[in-house]
Amino acid sequence: MEIVQQLVNGISLGSIYALIALGYTMVYGIVKLINFAHGDVFMVGAFIGFYSITVLDIGFFPALLISMVACAIFGVLIERIAYKPLRNATRIAALITAIGVSLFIEYGTIYIRGAQPEAYPSGLVPLKSIELFGVKISGQSILILGTSLVLMVLLQFIVHKTKIGKAMRAVSHDMDAARLMGINVNNTISATFAIGSALAGAAGVIFGMYYTKIEPLMGIIPGLKAFVAAVLGGIGIIPGAMTGGIVLGVIEALVSAAGYSLWRDGVAFVVLILILIFRPAGLFGKNVREKV
Amino acid sequence: MRKKKVAGIFMSFMVAAGVLAGCNSSASGDGDSEKSGTIKIGANLELSGGVASYGQSAKEGIELAIEEINKEGIDGKKLKLVTVDNKSDAAEATSGALKLATQDKVVAMIGAATSTNTLAQVQIAQDNNIPLITPTGTNPTITNKDGKLSDYVFRTCFIDPFQGTVAANFASNDLKVKNAAILIDSSSDYAKGLAAAFKESFKKNGGKIVAEEAYVQKDTDFHATLTRIKAANPEYVFLPGYYEEVGLIIKQARELGLDVPFMGGDGWDSPKLVEIAGADPLKNTYITNHYSSGDDDKKVQDFVSAFKAKYDGKSPDAFTALGYDTVYFLADAIKRAGSSDPKKIQKALEETDGLELVSGNMKLDKNHDPIKAAVILEYVNGEQKFKTKVNP
């Protein structure tokens with residue numbers, strides 16, 4: 001039964017990675033930029049959720065919504081201020097800017113509120129844990145999985161069934177051609193950042209509720225893990241990010257289950273290296289020949 | 001690593017500067033304290049900076065003790081306290097100790113509240129032959145580094161590994177468990193020291209370690225590790241770590257249905273622990289600590305009421321109690337030495353045996369480490385309740 005319990009642990013953790021990875025993948029798919037500040041948007045989302053719950057005294061779902069909206073605006077601001085002026089610069093310049101933005105958000109948060117951790121109030125959602133064949137599944141794990149799945153389905157719907165989704169796919173395919181077809185590229189890119197950041201904000205609130213402790217540097221490791229998850233699934237591909245996140249979560253749980261808990265973080269990055277060597281396009285990626 | 005190295009180099013400069021400065025100022029001695037009817041003692045504490053709350057708590061205890069002692073005085077002389085703020089910084093602690101030793105000419109120094117800042121003063125105390133007593137620096141290397149005793153350095157608290165021994169005896173004798181699991185913060189020497197001592201004593205008591213797992217600071221997900229521990233069916237989990245991770249671990253353990261007792265050391269002692277873990281998951285958890293204001297011992301209760309009277313009903317914590325005890329430890333030695341000569345005080349401190357203090361009956365071993373009782377506290381409804389006192 002231990003192995004089933006470990007799978008449940010891994011899937012819960014993996015669905016948080018998946019939510020963050022979606023933002024990475026969408027942004028990469030469109031502007032070919034690894035947005036390293038994404039993990040910090042996740043952190044900001046966790047804090048917005050925390051202050052909504054403690055200061056405004058509202059429940060989990062309204063706090064989730066507030067955090068998503070605030071992060072969407074925050075994501076668009078980051079894009080407009082930091083990345084837009086560099087759209088035609090080299091990719092390495094944009095990448096370095098992303099790292100700069102990441103550090104700015106982390107230490108800006110410490111400057112504003114200090115580095116001390118906060119604890120999410122417990123008992124936000126009155127959930128009972130279920131016991132199935134000796135496996136204890138906490139209500140929170142189910143809520144996390146449920147929320148993640150709903151958000152992912154919603155995202156698939158937006159990308160495939162709406163006009164803005166069509167525009168996003170067009171821009172990701174060929175930015176110049178899309179512009180010639182009358183698509184407002186700037187707005188489409190902003191929309192992508194907004195959706196990706198909203199998902200990160202949601203992940204932040206869910207993380208806070210599940211793990212209780214939040215602090216200004218909490219986004220670094222989940223951000224890097226989500227990046228690994230996105231690459232694992234094939235960066236730029238939405239179902240890839242979801243699968244990659246969950247696979248990574250399960251791998252980590254199994255590594256700990258085998259008694260190598262100190263190696264857990266290392267294994268995540270070994271996975272990244274192996275994927276880059278043997279299947280650079282990721283699990284879901286197709287090998288596309290670069291046009292010269 | 002690199003940061004530490006830079007700090008190390010900086011510190012050695014500070015120490016070198018200290019030695020030189022010591023040579024310069026030793027000629028221009030001011031009035032001898034023997035004649036003036038006061039005995040000057042120094043306190044070098046964290047009054048600002050990162051761990052200011054530790055230093056402030058200790059200072060309140062020290063001031064209360066001095067006030068009490070000065071009602072009668074020691075052989076007609078009164079204690080005079082000279083305080084320096086080391087700003088929770090090792091380099092500041094070194095220069096503060098230097099000032100106390102060479103300019104203020106104190107007869108003894110009360111050291112910093114943390115091990116790091118106390119270690120930064122050890123060399124100054126040794127070079128100037130002035131006794132240094134840390135109230136709460138628990139790291140073993142403070143008094144004994146690489147097998148070499150720093151003969152002018154003392155402490156009022158017990159050292160880290162002792163807490164592991166106490167926890168093991170409590171598990172075997174009071175909780176009567178046979179199978180224990182250990183979950184160690186492998187990035188902390190403190191946790192490793194406690195775990196090693198626990199393991200040794202628990203095995204000696206006939207117990208068995210059924211699982212030994214580790215984590216590092218800043219980890220947030222412990223479900224997988226805890227599931228593994230649960231599969232080993234321990235009756236008790238020893239968890240020597242700091243409150244941030246401990247809070248998460250206990251919360252997640254209870255979610256997974258691991259309902260056995262958890263126990264740790266004074267690293268748990270923070271109000272944040274209850275915020276992170278929640279009051280309910282903390283049921284059935286214990287910590288070892290230096291002192292508890294809930295101890296019904298008369299000495300403790302007298303101290304608590306004297307403290308409350310002086311500081312508007314504030315409850316004294318372990319830092320305060322040990323700061324208070326440090327002054328009595330020193331005053332006792334000065335009295336027995338019959339002199340305020342630092343060398344004689346050092347000798348008297350070394351011979352301390354059976355001194356009754358708030359934090360227990362104290363005796364020094366050959367490493368200048370006190371042999372004294374520890375208290376065990378239990379979390380009940382998110383609050384620490386005094387459980388029992390364990391003598392070594």
# chains A, B, ... in the order shown; residues from 1 in each chain; ligands from 1
$ interface_residues --of "chain B" --to "chain A" --cutoff "6 Å" --atoms "only C-alpha atoms" --output "JSON, numbers by chain"
{"B": [215, 224, 225, 228, 256, 275, 276]}
$ select_by_dssp --residues "range 40-237 of chain B" --states "helix (DSSP H, G or I)" --output "PyMOL selection string"
chain B and resi 52-70+90-103+115-128+140-142+160-174+189-204+223-231
$ residues_around --residues "Thr326 in chain B" --least-positions-apart "3" --cutoff "7 Å" --atoms "only C-alpha atoms" --output "PyMOL selection string"
chain B and resi 135+156+322-323+329-330
$ write_last_selection --atoms "C-alpha atoms" --output "compact mmCIF listing (two decimals), in the first residue's frame"
# COMPACT_ATOMS: atom_id res chain seq x y z
CA PRO B 135 24.41 32.09 28.90
CA THR B 156 25.55 28.26 31.85
CA LEU B 322 19.91 31.55 31.67
CA GLY B 323 21.02 35.21 31.63
CA PHE B 329 27.06 31.62 38.59
CA LEU B 330 29.59 34.45 38.33
$ residues_around --residues "range 167-170 of chain A" --least-positions-apart "5" --cutoff "7 Å" --atoms "only C-alpha atoms" --output "mmCIF file with N, CA and C atoms, in the first residue's frame"
data_model
loop_
_atom_site.group_PDB
_atom_site.id
_atom_site.type_symbol
_atom_site.label_atom_id
_atom_site.label_comp_id
_atom_site.auth_asym_id
_atom_site.auth_seq_id
_atom_site.Cartn_x
_atom_site.Cartn_y
_atom_site.Cartn_z
ATOM 1 N N ALA A 178 1.313 36.514 -38.614
ATOM 2 C CA ALA A 178 0.113 36.811 -37.845
ATOM 3 C C ALA A 178 -0.168 38.305 -37.874
ATOM 4 N N ILE A 183 -3.612 40.440 -36.867
ATOM 5 C CA ILE A 183 -3.719 40.079 -35.452
ATOM 6 C C ILE A 183 -2.888 41.058 -34.632
ATOM 7 N N THR A 188 -1.961 40.025 -27.947
ATOM 8 C CA THR A 188 -1.972 38.574 -27.824
ATOM 9 C C THR A 188 -0.894 38.113 -26.854
#
$ atom_distance --atom1 "CA of Leu64 in chain B" --atom2 "CA of Gln163 in chain B"
27.6 Å
$ residues_around --residues "range 117-121 of chain B" --least-positions-apart "3" --cutoff "7 Å" --atoms "only C-alpha atoms" --output "ChimeraX atom specification"
/B:89-90,93-94,97,111-112,114,124-125,134,137,142
$ write_last_selection --atoms "C-alpha atoms" --output "PDB file, in the first residue's frame"
ATOM      1  CA  ASP B  89      27.347  40.149  14.168  1.00  0.00           C
ATOM      2  CA  ALA B  90      30.498  38.133  14.878  1.00  0.00           C
ATOM      3  CA  ALA B  93      31.139  40.734  19.003  1.00  0.00           C
ATOM      4  CA  THR B  94      34.938  40.512  18.736  1.00  0.00           C
ATOM      5  CA  ALA B  97      34.795  41.941  23.760  1.00  0.00           C
ATOM      6  CA  GLY B 111      29.092  36.310  26.402  1.00  0.00           C
ATOM      7  CA  ALA B 112      26.689  36.405  23.505  1.00  0.00           C
ATOM      8  CA  THR B 114      24.313  32.622  20.139  1.00  0.00           C
ATOM      9  CA  ILE B 124      39.937  37.769  23.301  1.00  0.00           C
ATOM     10  CA  ALA B 125      39.006  36.151  26.609  1.00  0.00           C
ATOM     11  CA  THR B 134      27.954  32.490  27.602  1.00  0.00           C
ATOM     12  CA  GLY B 137      25.795  29.281  23.450  1.00  0.00           C
ATOM     13  CA  ILE B 142      32.935  27.114  22.409  1.00  0.00           C
TER      14      ILE B 142
END
$ residues_around --residues "range 193-202 of chain A" --least-positions-apart "4" --cutoff "8 Å" --atoms "only C-alpha atoms" --output "ChimeraX atom specification"
/A:19-20,22-24,26-27,38-39,41-46,64-65,67-76,79,151,189,206
$ select_by_dssp --residues "range 106-148 of chain A" --states "strand (DSSP E or B)" --output "PyMOL selection string"
chain A and resi 118-119+130-132+135-137
$ residues_around --residues "range 197-213 of chain B" --least-positions-apart "2" --cutoff "6 Å" --atoms "only C-alpha atoms" --output "ChimeraX atom specification"
/B:161,164-165,168,178-183,194-195
$ write_last_selection --atoms "C-alpha atoms" --output "PDB file, in the first residue's frame"
ATOM      1  CA  PRO B 161      24.193  16.496  22.371  1.00  0.00           C
ATOM      2  CA  GLY B 164      19.518  14.049  22.444  1.00  0.00           C
ATOM      3  CA  THR B 165      20.397  11.914  25.460  1.00  0.00           C
ATOM      4  CA  ALA B 168      16.232   9.153  24.353  1.00  0.00           C
ATOM      5  CA  LYS B 178      11.017   0.402  21.707  1.00  0.00           C
ATOM      6  CA  ASN B 179      11.033   1.380  18.028  1.00  0.00           C
ATOM      7  CA  ALA B 180      11.969   4.912  17.056  1.00  0.00           C
ATOM      8  CA  ALA B 181      12.489   6.687  13.760  1.00  0.00           C
ATOM      9  CA  ILE B 182      14.852   9.637  13.312  1.00  0.00           C
ATOM     10  CA  LEU B 183      14.298  12.436  10.805  1.00  0.00           C
ATOM     11  CA  LEU B 194      21.304  15.798  18.754  1.00  0.00           C
ATOM     12  CA  ALA B 195      20.505  12.854  16.496  1.00  0.00           C
TER      13      ALA B 195
END
$ closest_residue --among "B:Gln301, B:Ser115, B:Thr38, B:Asn70" --to "Tyr328 in chain B" --atoms "only C-alpha atoms"
B:Asn70
$ atom_distance --atom1 "CA of Ile376 in chain B" --atom2 "CA of His223 in chain B"
27.7 Å
$ atom_distance --atom1 "CA of Lys372 in chain B" --atom2 "CA of Val390 in chain B"
8.8 Å
